[in-house]
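What's in entry20.txt: compact mmCIF, C-alpha atoms
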```txt
# COMPACT_ATOMS: atom_id res chain seq x y z
CA MET A 231 -30.37 -28.03 21.07
CA ILE A 232 -30.00 -24.29 21.86
CA HIS A 233 -26.98 -23.43 24.00
CA PRO A 234 -27.65 -20.32 26.13
CA ASP A 235 -24.08 -18.97 26.06
CA GLY A 236 -21.98 -20.38 23.25
CA LEU A 237 -21.10 -23.87 22.07
CA PRO A 238 -18.93 -26.34 23.96
CA THR A 239 -15.61 -27.44 22.51
CA PRO A 240 -14.84 -29.07 20.10
CA GLN A 241 -18.17 -28.13 18.44
CA ARG A 242 -17.22 -24.47 18.78
CA TYR A 243 -14.12 -25.00 16.64
CA LEU A 244 -16.04 -26.93 13.97
CA SER A 245 -18.66 -24.17 13.90
CA MET A 246 -15.99 -21.51 13.38
CA LEU A 247 -14.45 -23.65 10.63
CA ALA A 248 -17.81 -23.73 8.82
CA ILE A 249 -18.35 -19.99 9.33
CA GLY A 250 -14.80 -19.21 8.23
CA LEU A 251 -14.95 -21.33 5.07
CA GLY A 252 -18.23 -19.72 4.04
CA ILE A 253 -17.13 -16.13 4.54
CA THR A 254 -13.80 -16.90 2.83
CA VAL A 255 -15.36 -18.02 -0.46
CA ALA A 256 -17.91 -15.17 -0.34
CA VAL A 257 -15.19 -12.54 0.16
CA LEU A 258 -12.85 -14.17 -2.39
CA ASP A 259 -15.52 -14.03 -5.06
CA SER A 260 -15.86 -10.29 -4.49
CA SER A 261 -12.36 -9.85 -5.90
CA VAL A 262 -11.41 -12.81 -8.11
CA ALA A 263 -13.85 -11.81 -10.84
CA ASN A 264 -12.03 -8.47 -11.20
CA ILE A 265 -8.84 -10.31 -12.13
CA ALA A 266 -10.67 -12.51 -14.64
CA LEU A 267 -12.58 -9.71 -16.42
CA PRO A 268 -10.11 -9.31 -19.34
CA ALA A 269 -10.18 -13.07 -20.03
CA ILE A 270 -13.98 -13.22 -19.69
CA THR A 271 -14.34 -10.27 -22.08
CA ARG A 272 -12.17 -11.98 -24.71
CA GLU A 273 -13.65 -15.48 -24.48
CA LEU A 274 -17.30 -14.39 -24.36
CA HIS A 275 -16.79 -11.68 -27.02
CA ALA A 276 -18.27 -9.05 -24.73
CA ALA A 277 -17.74 -5.31 -24.51
CA PRO A 278 -15.73 -4.24 -21.43
CA ALA A 279 -18.53 -1.93 -20.26
CA ALA A 280 -20.98 -4.85 -20.32
CA ALA A 281 -18.51 -7.27 -18.72
CA VAL A 282 -18.27 -5.03 -15.64
CA TRP A 283 -21.71 -6.40 -14.70
CA VAL A 284 -20.01 -9.69 -13.83
CA VAL A 285 -18.72 -7.78 -10.79
CA ASN A 286 -21.62 -5.37 -10.28
CA ALA A 287 -24.36 -8.04 -10.31
CA TYR A 288 -22.68 -9.90 -7.44
CA GLN A 289 -22.16 -6.80 -5.30
CA LEU A 290 -25.58 -5.28 -5.97
CA VAL A 291 -27.53 -8.43 -5.07
CA ILE A 292 -25.54 -8.77 -1.84
CA VAL A 293 -26.26 -5.18 -0.78
CA VAL A 294 -29.98 -5.51 -1.58
CA SER A 295 -30.37 -8.89 0.15
CA LEU A 296 -28.36 -8.54 3.37
CA LEU A 297 -30.98 -7.05 5.70
CA PRO A 298 -33.96 -9.09 4.42
CA LEU A 299 -32.01 -12.33 4.85
CA ALA A 300 -30.81 -11.27 8.32
CA SER A 301 -34.46 -10.63 9.22
CA LEU A 302 -35.43 -14.02 7.79
CA GLY A 303 -32.74 -15.62 9.96
CA GLU A 304 -34.48 -14.35 13.10
CA ARG A 305 -37.63 -16.14 11.97
CA VAL A 306 -36.38 -19.46 10.59
CA GLY A 307 -32.99 -19.77 12.32
CA TYR A 308 -29.57 -18.45 11.37
CA ARG A 309 -28.10 -21.85 10.50
CA ARG A 310 -30.92 -22.46 7.97
CA VAL A 311 -30.28 -19.15 6.21
CA TYR A 312 -26.52 -19.81 6.24
CA MET A 313 -26.83 -23.33 4.83
CA ALA A 314 -29.36 -22.25 2.21
CA GLY A 315 -27.03 -19.39 1.25
CA LEU A 316 -24.10 -21.80 1.01
CA ALA A 317 -26.11 -24.16 -1.22
CA VAL A 318 -27.27 -21.32 -3.51
CA PHE A 319 -23.72 -19.92 -3.65
CA SER A 320 -22.32 -23.32 -4.67
CA ALA A 321 -25.03 -23.83 -7.30
CA GLY A 322 -24.39 -20.30 -8.61
CA SER A 323 -20.67 -21.05 -8.78
CA LEU A 324 -21.35 -24.17 -10.87
CA ALA A 325 -23.60 -22.13 -13.17
CA CYS A 326 -20.82 -19.51 -13.54
CA ALA A 327 -18.30 -22.22 -14.48
CA LEU A 328 -20.67 -23.62 -17.13
CA SER A 329 -21.68 -20.25 -18.60
CA HIS A 330 -21.06 -19.73 -22.32
CA SER A 331 -22.52 -16.25 -22.75
CA LEU A 332 -22.29 -13.00 -20.83
CA PRO A 333 -26.03 -12.76 -19.94
CA VAL A 334 -25.97 -16.29 -18.47
CA LEU A 335 -22.79 -15.50 -16.52
CA VAL A 336 -24.27 -12.28 -15.11
CA ALA A 337 -27.42 -14.15 -14.05
CA ALA A 338 -25.28 -16.84 -12.39
CA ARG A 339 -23.27 -14.16 -10.60
CA ALA A 340 -26.53 -12.66 -9.31
CA ALA A 341 -27.43 -16.10 -7.91
CA GLN A 342 -23.98 -16.28 -6.36
CA GLY A 343 -24.60 -12.87 -4.79
CA LEU A 344 -27.86 -14.07 -3.26
CA GLY A 345 -26.03 -17.04 -1.75
CA GLY A 346 -23.20 -14.79 -0.58
CA ALA A 347 -25.73 -12.50 1.10
CA GLY A 348 -27.16 -15.52 2.92
CA ILE A 349 -23.67 -16.32 4.24
CA MET A 350 -22.75 -12.74 5.17
CA SER A 351 -26.11 -11.70 6.64
CA VAL A 352 -25.99 -14.19 9.53
CA ASN A 353 -22.22 -14.38 9.90
CA GLY A 354 -22.07 -12.13 12.97
CA ALA A 355 -25.11 -13.76 14.61
CA LEU A 356 -23.62 -17.23 14.21
CA VAL A 357 -20.34 -16.09 15.78
CA ARG A 358 -22.30 -14.65 18.70
CA PHE A 359 -24.14 -17.95 19.24
CA THR A 360 -20.91 -19.94 18.78
CA TYR A 361 -18.77 -18.15 21.41
CA PRO A 362 -19.69 -17.44 25.03
CA THR A 363 -20.07 -13.73 25.77
CA ALA A 364 -16.82 -13.63 27.77
CA LEU A 365 -14.87 -14.84 24.69
CA LEU A 366 -16.89 -13.17 21.94
CA GLY A 367 -14.15 -10.63 21.18
CA ARG A 368 -11.62 -13.29 20.28
CA GLY A 369 -14.21 -15.03 18.07
CA LEU A 370 -14.87 -11.80 16.20
CA GLY A 371 -11.14 -11.15 15.99
CA LEU A 372 -10.65 -14.56 14.38
CA ASN A 373 -13.51 -13.80 12.00
CA ALA A 374 -11.92 -10.46 11.06
CA LEU A 375 -8.60 -12.24 10.46
CA VAL A 376 -10.31 -14.67 8.06
CA VAL A 377 -12.04 -11.85 6.17
CA SER A 378 -8.85 -9.79 5.83
CA GLY A 379 -6.86 -12.87 4.84
CA ALA A 380 -9.35 -13.70 2.10
CA ALA A 381 -9.24 -10.11 0.86
CA VAL A 382 -5.42 -10.20 0.75
CA LEU A 383 -5.15 -13.60 -0.91
CA GLY A 384 -7.98 -13.08 -3.43
CA PRO A 385 -5.95 -11.51 -6.27
CA THR A 386 -3.02 -13.88 -5.66
CA ILE A 387 -5.25 -16.99 -5.73
CA ALA A 388 -7.00 -15.73 -8.86
CA ALA A 389 -3.71 -15.05 -10.62
CA GLY A 390 -2.40 -18.51 -9.62
CA ILE A 391 -5.48 -20.32 -10.95
CA LEU A 392 -5.50 -18.30 -14.18
CA SER A 393 -1.83 -19.15 -14.75
CA VAL A 394 -2.66 -22.87 -15.03
CA ALA A 395 -6.38 -22.96 -15.97
CA SER A 396 -9.14 -20.95 -17.66
CA TRP A 397 -11.44 -18.51 -15.85
CA PRO A 398 -14.35 -20.97 -15.23
CA TRP A 399 -12.14 -22.75 -12.69
CA LEU A 400 -12.22 -19.63 -10.50
CA PHE A 401 -15.87 -20.49 -9.86
CA ALA A 402 -15.77 -24.29 -10.18
CA ILE A 403 -13.39 -24.57 -7.22
CA ASN A 404 -16.16 -23.29 -4.94
CA VAL A 405 -18.37 -26.33 -5.58
CA PRO A 406 -16.38 -29.03 -3.71
CA ILE A 407 -15.60 -26.53 -0.94
CA GLY A 408 -19.32 -25.80 -0.62
CA VAL A 409 -20.25 -29.50 -0.44
CA VAL A 410 -17.67 -30.17 2.29
CA ASN A 411 -18.70 -27.05 4.20
CA LEU A 412 -22.39 -27.98 4.08
CA THR A 413 -21.51 -31.28 5.76
CA ILE A 414 -19.56 -29.50 8.52
CA ALA A 415 -22.23 -26.82 8.96
CA ALA A 416 -25.03 -29.37 9.34
CA ARG A 417 -23.15 -30.98 12.23
CA ALA A 418 -21.66 -27.99 14.01
CA LEU A 419 -23.52 -24.68 13.52
CA PRO A 420 -25.47 -23.47 16.58
CA HIS A 421 -29.25 -23.48 16.78
CA SER A 422 -30.99 -20.25 17.75
CA GLU A 423 -34.37 -19.08 19.00
CA ARG A 424 -36.93 -18.30 16.29
CA ALA A 425 -39.20 -15.28 16.35
CA ALA A 426 -42.91 -16.06 15.98
CA ARG A 427 -43.75 -13.38 13.41
CA GLY A 428 -44.22 -13.21 9.66
CA PHE A 429 -41.76 -11.88 7.11
CA ASP A 430 -42.28 -8.24 6.10
CA TRP A 431 -42.39 -8.43 2.29
CA ALA A 432 -43.31 -4.74 1.88
CA SER A 433 -40.21 -3.67 3.84
CA ALA A 434 -38.07 -6.06 1.80
CA ALA A 435 -39.32 -4.43 -1.43
CA LEU A 436 -38.65 -0.93 -0.08
CA ASN A 437 -35.19 -2.05 1.05
CA ALA A 438 -34.40 -3.37 -2.45
CA ALA A 439 -35.56 -0.10 -4.02
CA MET A 440 -33.59 2.00 -1.53
CA PHE A 441 -30.23 0.24 -1.85
CA GLY A 442 -30.54 -0.95 -5.45
CA LEU A 443 -31.69 2.27 -7.08
CA PHE A 444 -29.40 4.43 -4.95
CA PHE A 445 -26.23 2.55 -5.86
CA LEU A 446 -27.26 2.21 -9.53
CA GLY A 447 -27.98 5.94 -9.72
CA VAL A 448 -24.74 6.95 -8.00
CA ASP A 449 -22.72 4.57 -10.21
CA MET A 450 -24.35 6.08 -13.30
CA LEU A 451 -23.52 9.59 -12.11
CA THR A 452 -19.87 8.84 -11.31
CA GLN A 453 -19.31 6.96 -14.58
CA GLY A 454 -20.52 9.93 -16.62
CA HIS A 455 -22.91 8.01 -18.86
CA GLY A 456 -24.75 11.11 -20.08
CA ARG A 457 -28.04 9.88 -18.60
CA ARG A 458 -27.94 12.19 -15.63
CA ALA A 459 -31.71 12.80 -15.57
CA LEU A 460 -32.38 9.06 -15.23
CA ALA A 461 -29.63 8.71 -12.61
CA TRP A 462 -31.05 11.53 -10.48
CA CYS A 463 -34.53 10.00 -10.78
CA GLU A 464 -33.16 6.69 -9.49
CA VAL A 465 -31.51 8.43 -6.54
CA ALA A 466 -34.71 10.37 -5.78
CA VAL A 467 -36.85 7.21 -5.83
CA ALA A 468 -34.28 5.49 -3.62
CA VAL A 469 -34.43 8.31 -1.07
CA GLY A 470 -38.23 8.17 -1.10
CA ALA A 471 -38.17 4.41 -0.56
CA GLY A 472 -35.73 4.90 2.31
CA VAL A 473 -37.97 7.45 4.02
CA ALA A 474 -40.97 5.12 3.65
CA LEU A 475 -38.94 2.19 4.97
CA PHE A 476 -37.79 4.04 8.08
CA ARG A 477 -41.31 5.31 8.77
CA ARG A 478 -42.65 1.78 8.44
CA GLY A 479 -39.91 0.48 10.72
CA ALA A 480 -40.76 3.03 13.41
CA ARG A 481 -44.26 1.50 13.64
CA THR A 482 -43.13 -2.14 13.53
CA VAL A 483 -41.85 -4.53 16.19
CA ALA A 484 -38.40 -5.84 15.15
CA PRO A 485 -38.35 -4.00 11.78
CA LEU A 486 -36.27 -5.09 8.79
CA ILE A 487 -34.25 -1.86 8.96
CA PRO A 488 -33.36 -2.12 12.66
CA VAL A 489 -34.73 1.27 13.71
CA ASP A 490 -35.23 -0.15 17.20
CA LEU A 491 -31.50 -0.94 17.45
CA LEU A 492 -30.39 2.34 15.89
CA LYS A 493 -32.20 4.14 18.71
CA ILE A 494 -29.73 2.51 21.14
CA PRO A 495 -26.96 5.16 21.29
CA VAL A 496 -24.09 2.68 21.57
CA PHE A 497 -25.37 0.66 18.60
CA GLY A 498 -26.10 3.72 16.45
CA LEU A 499 -22.68 5.25 17.11
CA SER A 500 -21.02 1.91 16.31
CA VAL A 501 -22.80 1.85 12.94
CA VAL A 502 -21.70 5.43 12.20
CA ALA A 503 -18.13 4.61 13.20
CA SER A 504 -18.13 1.50 10.99
CA VAL A 505 -19.44 3.36 7.93
CA CYS A 506 -16.86 6.15 8.36
CA ALA A 507 -14.00 3.68 8.94
CA PHE A 508 -14.78 1.56 5.88
CA THR A 509 -15.25 4.73 3.82
CA ALA A 510 -11.73 5.77 4.81
CA GLN A 511 -10.30 2.34 4.01
CA MET A 512 -11.97 1.95 0.61
CA LEU A 513 -11.20 5.54 -0.40
CA SER A 514 -7.56 4.83 0.42
CA PHE A 515 -7.49 1.47 -1.38
CA VAL A 516 -8.87 3.06 -4.56
CA ALA A 517 -6.62 6.14 -4.41
CA LEU A 518 -3.28 4.70 -3.27
CA PRO A 519 -2.41 2.68 -6.43
CA PHE A 520 -2.89 5.81 -8.55
CA TYR A 521 -0.88 7.90 -6.10
CA PHE A 522 1.98 5.39 -5.99
CA GLU A 523 2.15 5.05 -9.79
CA TYR A 524 1.33 8.57 -11.01
CA GLY A 525 2.52 10.68 -8.09
CA LEU A 526 5.48 8.70 -6.73
CA HIS A 527 6.38 6.88 -10.01
CA PHE A 528 6.47 3.27 -8.80
CA SER A 529 5.82 0.42 -11.25
CA GLN A 530 2.62 -1.62 -11.24
CA ALA A 531 4.38 -4.61 -9.66
CA GLN A 532 5.95 -2.40 -6.98
CA THR A 533 2.57 -0.83 -6.27
CA GLY A 534 1.03 -4.25 -5.69
CA LEU A 535 3.71 -5.07 -3.13
CA LEU A 536 3.39 -1.67 -1.45
CA MET A 537 -0.34 -2.29 -0.88
CA THR A 538 0.35 -5.51 1.03
CA PRO A 539 1.46 -4.18 4.49
CA TRP A 540 -2.00 -2.68 5.19
CA PRO A 541 -4.00 -5.95 5.10
CA VAL A 542 -1.12 -7.81 6.74
CA GLY A 543 -1.12 -5.33 9.64
CA LEU A 544 -4.91 -5.62 9.89
CA GLY A 545 -4.71 -9.41 10.02
CA ILE A 546 -2.08 -9.30 12.76
CA MET A 547 -3.89 -6.79 14.95
CA ALA A 548 -7.52 -7.95 14.57
CA PRO A 549 -7.21 -11.07 16.81
CA VAL A 550 -5.21 -9.10 19.40
CA ALA A 551 -7.81 -6.32 19.52
CA GLY A 552 -10.57 -8.92 19.71
CA ARG A 553 -9.06 -10.42 22.86
CA LEU A 554 -8.53 -6.96 24.36
CA SER A 555 -12.18 -6.07 23.71
CA ASP A 556 -13.24 -8.85 26.08
CA ARG A 557 -11.54 -6.90 28.90
CA MET A 558 -11.35 -3.23 27.86
CA PRO A 559 -13.91 -0.64 26.63
CA ALA A 560 -14.40 -0.97 22.88
CA ALA A 561 -14.96 2.80 22.68
CA VAL A 562 -11.36 3.43 23.76
CA LEU A 563 -9.91 0.69 21.55
CA GLY A 564 -11.85 1.96 18.54
CA GLY A 565 -10.89 5.58 19.17
CA VAL A 566 -7.21 4.67 19.50
CA GLY A 567 -7.37 2.50 16.37
CA MET A 568 -8.87 5.28 14.27
CA ALA A 569 -6.34 7.78 15.64
CA ILE A 570 -3.56 5.43 14.50
CA LEU A 571 -5.22 5.07 11.09
CA ALA A 572 -5.55 8.86 10.76
CA LEU A 573 -1.86 9.29 11.62
CA GLY A 574 -0.88 6.65 9.07
CA LEU A 575 -3.03 8.20 6.33
CA GLY A 576 -1.82 11.69 7.13
CA SER A 577 1.81 10.58 6.98
CA LEU A 578 1.16 8.93 3.59
CA ALA A 579 -0.46 12.11 2.27
CA LEU A 580 2.59 14.15 3.37
CA LEU A 581 5.19 11.88 1.78
CA PRO A 582 7.97 13.72 -0.05
CA ALA A 583 7.98 13.51 -3.85
CA HIS A 584 10.88 11.02 -3.95
CA ALA A 585 9.92 8.80 -1.00
CA GLY A 586 11.44 5.32 -0.97
CA ALA A 587 9.59 2.03 -0.57
CA GLY A 588 10.70 1.68 3.06
CA ALA A 589 9.03 4.95 4.03
CA ILE A 590 5.78 3.76 2.47
CA VAL A 591 5.84 0.22 3.90
CA TRP A 592 5.87 1.24 7.56
CA ARG A 593 3.18 3.87 7.01
CA MET A 594 0.93 1.31 5.28
CA ALA A 595 1.54 -1.14 8.14
CA VAL A 596 0.54 1.56 10.65
CA CYS A 597 -2.74 2.07 8.75
CA GLY A 598 -3.48 -1.65 8.84
CA LEU A 599 -2.64 -1.95 12.53
CA GLY A 600 -4.92 0.98 13.32
CA PHE A 601 -7.83 -0.42 11.34
CA GLY A 602 -7.38 -3.85 12.91
CA PHE A 603 -7.34 -2.26 16.37
CA PHE A 604 -10.73 -0.72 15.58
CA GLN A 605 -12.62 -3.43 13.68
CA SER A 606 -13.00 -6.33 16.13
CA PRO A 607 -13.96 -4.20 19.18
CA ASN A 608 -16.45 -2.22 17.11
CA ASN A 609 -18.05 -5.39 15.75
CA ARG A 610 -18.27 -6.82 19.27
CA THR A 611 -20.06 -3.70 20.49
CA MET A 612 -22.58 -3.83 17.64
CA LEU A 613 -23.46 -7.44 18.35
CA THR A 614 -23.63 -7.22 22.14
CA ALA A 615 -25.52 -3.91 22.22
CA ALA A 616 -28.48 -5.67 20.60
CA PRO A 617 -30.73 -8.08 22.52
CA ARG A 618 -29.90 -11.73 21.84
CA ALA A 619 -33.22 -12.15 19.96
CA ARG A 620 -32.11 -9.38 17.54
CA ALA A 621 -28.66 -10.81 16.85
CA GLY A 622 -29.62 -11.38 13.22
CA ALA A 623 -30.58 -7.74 12.67
CA ALA A 624 -27.37 -6.62 14.40
CA GLY A 625 -25.25 -8.94 12.25
CA GLY A 626 -27.04 -7.82 9.09
CA MET A 627 -26.50 -4.19 10.01
CA LEU A 628 -22.83 -4.92 10.68
CA ALA A 629 -22.37 -6.27 7.14
CA THR A 630 -24.53 -3.51 5.63
CA ALA A 631 -22.49 -0.80 7.36
CA ARG A 632 -19.30 -2.34 5.98
CA LEU A 633 -20.59 -2.53 2.39
CA THR A 634 -22.19 0.92 2.60
CA GLY A 635 -18.92 2.46 3.77
CA MET A 636 -17.00 0.69 1.01
CA THR A 637 -19.45 1.92 -1.63
CA ILE A 638 -19.32 5.49 -0.31
CA GLY A 639 -15.52 5.33 -0.30
CA ALA A 640 -15.34 4.16 -3.92
CA THR A 641 -17.86 6.85 -4.95
CA LEU A 642 -15.93 9.58 -3.12
CA ALA A 643 -12.75 8.45 -4.85
CA ALA A 644 -14.43 8.81 -8.25
CA VAL A 645 -15.74 12.27 -7.37
CA VAL A 646 -12.35 13.48 -6.12
CA PHE A 647 -10.62 12.05 -9.22
CA HIS A 648 -12.89 14.24 -11.35
CA LEU A 649 -12.27 17.34 -9.25
CA ALA A 650 -8.57 16.92 -8.44
CA ALA A 651 -5.49 15.88 -10.35
CA GLY A 652 -6.60 12.41 -11.39
CA GLY A 653 -4.75 10.55 -8.65
CA ALA A 654 -1.31 12.15 -8.90
CA GLU A 655 -1.90 14.25 -5.76
CA PRO A 656 -2.89 12.77 -2.37
CA VAL A 657 -6.17 14.72 -2.07
CA GLU A 658 -8.13 11.50 -1.46
CA LEU A 659 -5.84 10.60 1.44
CA PHE A 660 -6.65 13.86 3.23
CA VAL A 661 -10.37 13.12 2.78
CA ALA A 662 -9.80 9.58 4.10
CA THR A 663 -7.96 11.02 7.10
CA GLY A 664 -11.01 13.14 7.89
CA CYS A 665 -13.25 10.05 7.67
CA ALA A 666 -10.94 8.19 10.08
CA VAL A 667 -11.10 11.09 12.54
CA ALA A 668 -14.91 11.06 12.30
CA ALA A 669 -14.95 7.32 12.97
CA GLY A 670 -12.71 7.77 16.01
CA GLY A 671 -14.94 10.56 17.33
CA ALA A 672 -18.06 8.40 16.96
CA SER A 673 -16.27 5.55 18.73
CA LEU A 674 -15.22 7.72 21.70
CA LEU A 675 -18.74 9.13 22.08
CA ARG A 676 -19.80 5.64 23.15
CA LEU A 677 -17.98 6.10 26.44
CA GLY A 678 -21.15 7.75 27.72
CA GLY A 679 -23.02 4.52 27.08
```

Render the structure in this file as structure tokens.
Amino acid sequence: MIHPDGLPTPQRYLSMLAIGLGITVAVLDSSVANIALPAITRELHAAPAAAVWVVNAYQLVIVVSLLPLASLGERVGYRRVYMAGLAVFSAGSLACALSHSLPVLVAARAAQGLGGAGIMSVNGALVRFTYPTALLGRGLGLNALVVSGAAVLGPTIAAGILSVASWPWLFAINVPIGVVNLTIAARALPHSERAARGFDWASAALNAAMFGLFFLGVDMLTQGHGRRALAWCEVAVAVGAGVALFRRGARTVAPLIPVDLLKIPVFGLSVVASVCAFTAQMLSFVALPFYFEYGLHFSQAQTGLLMTPWPVGLGIMAPVAGRLSDRMPAAVLGGVGMAILALGLGSLALLPAHAGAGAIVWRMAVCGLGFGFFQSPNNRTMLTAAPRARAGAAGGMLATARLTGMTIGATLAAVVFHLAAGGAEPVELFVATGCAVAAGGASLLRLGG
């Protein structure tokens, strides 16, 4: 049965439980593998440079698959894509736990990434069909809280498991969670209308070439592999595929790259704001540990604690901002949030050389509060600016904007590290401040819409 404006209670709560469990394990597995890399390298007798693909394979497959799977969700139903993604993710997790060589583990991580993309691609659309429009902001705020909580707890959970068990258990634990969640999802997830059109395989191939080759080429350039000619060729082919994809989308009804939605000013500006905001956040997250250790001379343990107030502040503010977005213009909330983030980043960049932990903690908390004030209202605008029939494309674009911004932020950090003082000076924080200002400007421009 299709509910025209959200699910009734208690089905709504069960649906959010299923959505929350799925996005939690998908986000956790983006970070837990980082913690396990040294142990994986030792036990599988792999070179560190090769072992990095345990992380890269997961991320790359997600980026390549998000928009095609979101498009597929519009055709076969979002709950089907979500449940298939959850099943593939659980099977991939079991394969990771049973892997005895690095190539097998990387292949299993790629399968995990495909399942994770199935979960993430329809996450926003399922929230939209779960909550009535009048309460959508609080649903998205709760979703943002779950995502930020998983990001915060990921390293801690990984460290706890590794203290009592070997690295395969990091992946094995996903299997029973997946089985339980599939049972809940089958009972509670909302049904949605299905579009009567075929899947655009040519656009999916162009999308894979655009995202895959671009991020591989940029990674090769920033890592300084000495194969710059090949890297630039990959970037050039990616740009060509992107141009072809956008031209194809301009001639297509409901294209895979949502050109039709990007032409809606409010939606397009929300995407720009999201990319800039996540660029600022990731650039900061990469740069701050180096700045704290090399520039301000804190220990590694102290640095880990000093990073905590940001995600905690985000988790506190995201549900509050989500509720406010049901009653106030998201453009204003987003602009204010990014202004707060810019102030927090600027104050961190201007810290005196012998700043104490207390001075850092409140500044980091301000950054998290600002980002949380922006994220839920911006997500709500992206989902509601699109027609209900295009909720899948809007949700896929929401996740793609987030991952694109994070990738750009990490790349910018690598570039600035090469050009500046290797992390001892807060150059990256000034760049991140500029990105936050740009995100706030894009958010405020939506007032005209």

>> Given all atoms listed in the file as the basis, pick out the residue of A:Ala381, A:Ala355, A:Leu302, A:Ala579 nearest to Ala484 of chain A.
In response: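 With all atoms listed in the file as the atom set, the closest residue is A:Leu302.
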
>> Can you pull out the residues contacting segment 496-510 of chain A? Cut-off 6 Å, using all atoms listed in the file, and skip same-chain residues under 4 positions away; I want them as a ChimeraX atom specification.
In response: /A:492,612,615,631-632,635-636,638-639,662,665-666,669,672-673,676,679

> Residues around (-23.0, -29.7, 13.5), cut-off 10 Å, counting all atoms listed in the file - what are they as JSON, numbers by chain?
Replying inline: {"A": [241, 242, 244, 245, 248, 309, 412, 413, 414, 415, 416, 417, 418, 419, 420, 421]}

> Rounded to one decimal in Å, what is the spacing between atom CA of Phe444 of chain A and atom CA of Cys463 of chain A?
Replying inline: 9.6 Å

> For Leu258 of chain A, which residue out of A:Gly384, A:Gly525, A:Gly408, A:Gly670 is the nearest one, using all atoms listed in the file?
Replying inline: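 For Leu258 of chain A, the nearest of the candidates is A:Gly384.
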
>> Env of Arg368 of chain A: 12 Å cut, atoms = only C-alpha atoms, seq-sep filter 5 positions within chain, self excluded. Answer as a PyMOL selection string.
In response: chain A and resi 246+357-358+360-363+373-375+547-557+605-607+609-610

Can you write out the residues you just picked, keeping C-alpha atoms, as an mmCIF file, in the frame of the given file?
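Just written: result-v3.cif:
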```cif
data_model
loop_
_atom_site.group_PDB
_atom_site.id
_atom_site.type_symbol
_atom_site.label_atom_id
_atom_site.label_comp_id
_atom_site.auth_asym_id
_atom_site.auth_seq_id
_atom_site.Cartn_x
_atom_site.Cartn_y
_atom_site.Cartn_z
ATOM 1 C CA MET A 246 -15.990 -21.510 13.380
ATOM 2 C CA VAL A 357 -20.340 -16.090 15.780
ATOM 3 C CA ARG A 358 -22.300 -14.650 18.700
ATOM 4 C CA THR A 360 -20.910 -19.940 18.780
ATOM 5 C CA TYR A 361 -18.770 -18.150 21.410
ATOM 6 C CA PRO A 362 -19.690 -17.440 25.030
ATOM 7 C CA THR A 363 -20.070 -13.730 25.770
ATOM 8 C CA ASN A 373 -13.510 -13.800 12.000
ATOM 9 C CA ALA A 374 -11.920 -10.460 11.060
ATOM 10 C CA LEU A 375 -8.600 -12.240 10.460
ATOM 11 C CA MET A 547 -3.890 -6.790 14.950
ATOM 12 C CA ALA A 548 -7.520 -7.950 14.570
ATOM 13 C CA PRO A 549 -7.210 -11.070 16.810
ATOM 14 C CA VAL A 550 -5.210 -9.100 19.400
ATOM 15 C CA ALA A 551 -7.810 -6.320 19.520
ATOM 16 C CA GLY A 552 -10.570 -8.920 19.710
ATOM 17 C CA ARG A 553 -9.060 -10.420 22.860
ATOM 18 C CA LEU A 554 -8.530 -6.960 24.360
ATOM 19 C CA SER A 555 -12.180 -6.070 23.710
ATOM 20 C CA ASP A 556 -13.240 -8.850 26.080
ATOM 21 C CA ARG A 557 -11.540 -6.900 28.900
ATOM 22 C CA GLN A 605 -12.620 -3.430 13.680
ATOM 23 C CA SER A 606 -13.000 -6.330 16.130
ATOM 24 C CA PRO A 607 -13.960 -4.200 19.180
ATOM 25 C CA ASN A 609 -18.050 -5.390 15.750
ATOM 26 C CA ARG A 610 -18.270 -6.820 19.270
#
```

>> If I take atom CA of Leu486 of chain A and atom CA of Gly442 of chain A, how far is one from the other in Å, to one decimal?
In response: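 Computed distance, atom CA of Leu486 of chain A to atom CA of Gly442 of chain A, equals 15.9 Å.
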
> At what distance in Å, to one decimal, does atom CA of Ala623 of chain A lie from atom CA of Ser422 of chain A?
Replying inline: 13.5 Å

> Looking at A:Phe429, A:Val657, A:Glu423, A:Leu599, which one is nearest to Tyr521 of chain A, with distances taken over all atoms listed in the file?
Replying inline: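 Of the candidates, the smallest distance to Tyr521 of chain A is held by A:Val657.
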
> Between A:Val282, A:Leu573, A:Val306, A:Leu544, which one has atoms that come closest to Ser378 of chain A, using only C-alpha atoms?
Replying inline: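 Nearest candidate to Ser378 of chain A out of A:Val282, A:Leu573, A:Val306, A:Leu544: A:Leu544.
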
Would you compute, for all listed atoms of segment 324-337 of chain A, the axis-aligned bounding box grown by 8 Å on each side, and then report its centre and edge lengths in Å rounded to one decimal, as lines of an AutoDock Vina configuration file?
```
center_x = -22.9
center_y = -18.2
center_z = -16.8
size_x = 25.1
size_y = 27.9
size_z = 27.9
```

> Of the candidates A:Ser320, A:Ser396, A:Thr239, A:Thr634, which one gets nearest to Val293 of chain A if we count all atoms listed in the file?
Replying inline: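 Using all atoms listed in the file, the shortest distance to Val293 of chain A belongs to A:Thr634.
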
>> With all atoms listed in the file as the counted atoms, please give the residues lying no more than 7 Å from Gly322 of chain A, apart from itself and same-chain residues fewer than 6 positions off, as a list in words.
In response: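 Close residues of Gly322 of chain A: Ala338, Arg339, Ala341 and Gln342 of chain A.
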
> For Ile407 of chain A, which residue out of A:Leu324, A:Ala616, A:Ile232, A:Ala583 is the nearest one, using only C-alpha atoms?
Replying inline: A:Leu324

> Do you know which residues lie at most 12 Å from (-34.9, -20.4, 11.1), with coordinates as in the file and only C-alpha atoms counted, and could you write them as a PyMOL selection string?
Replying inline: chain A and resi 299-314+352+420-429+622
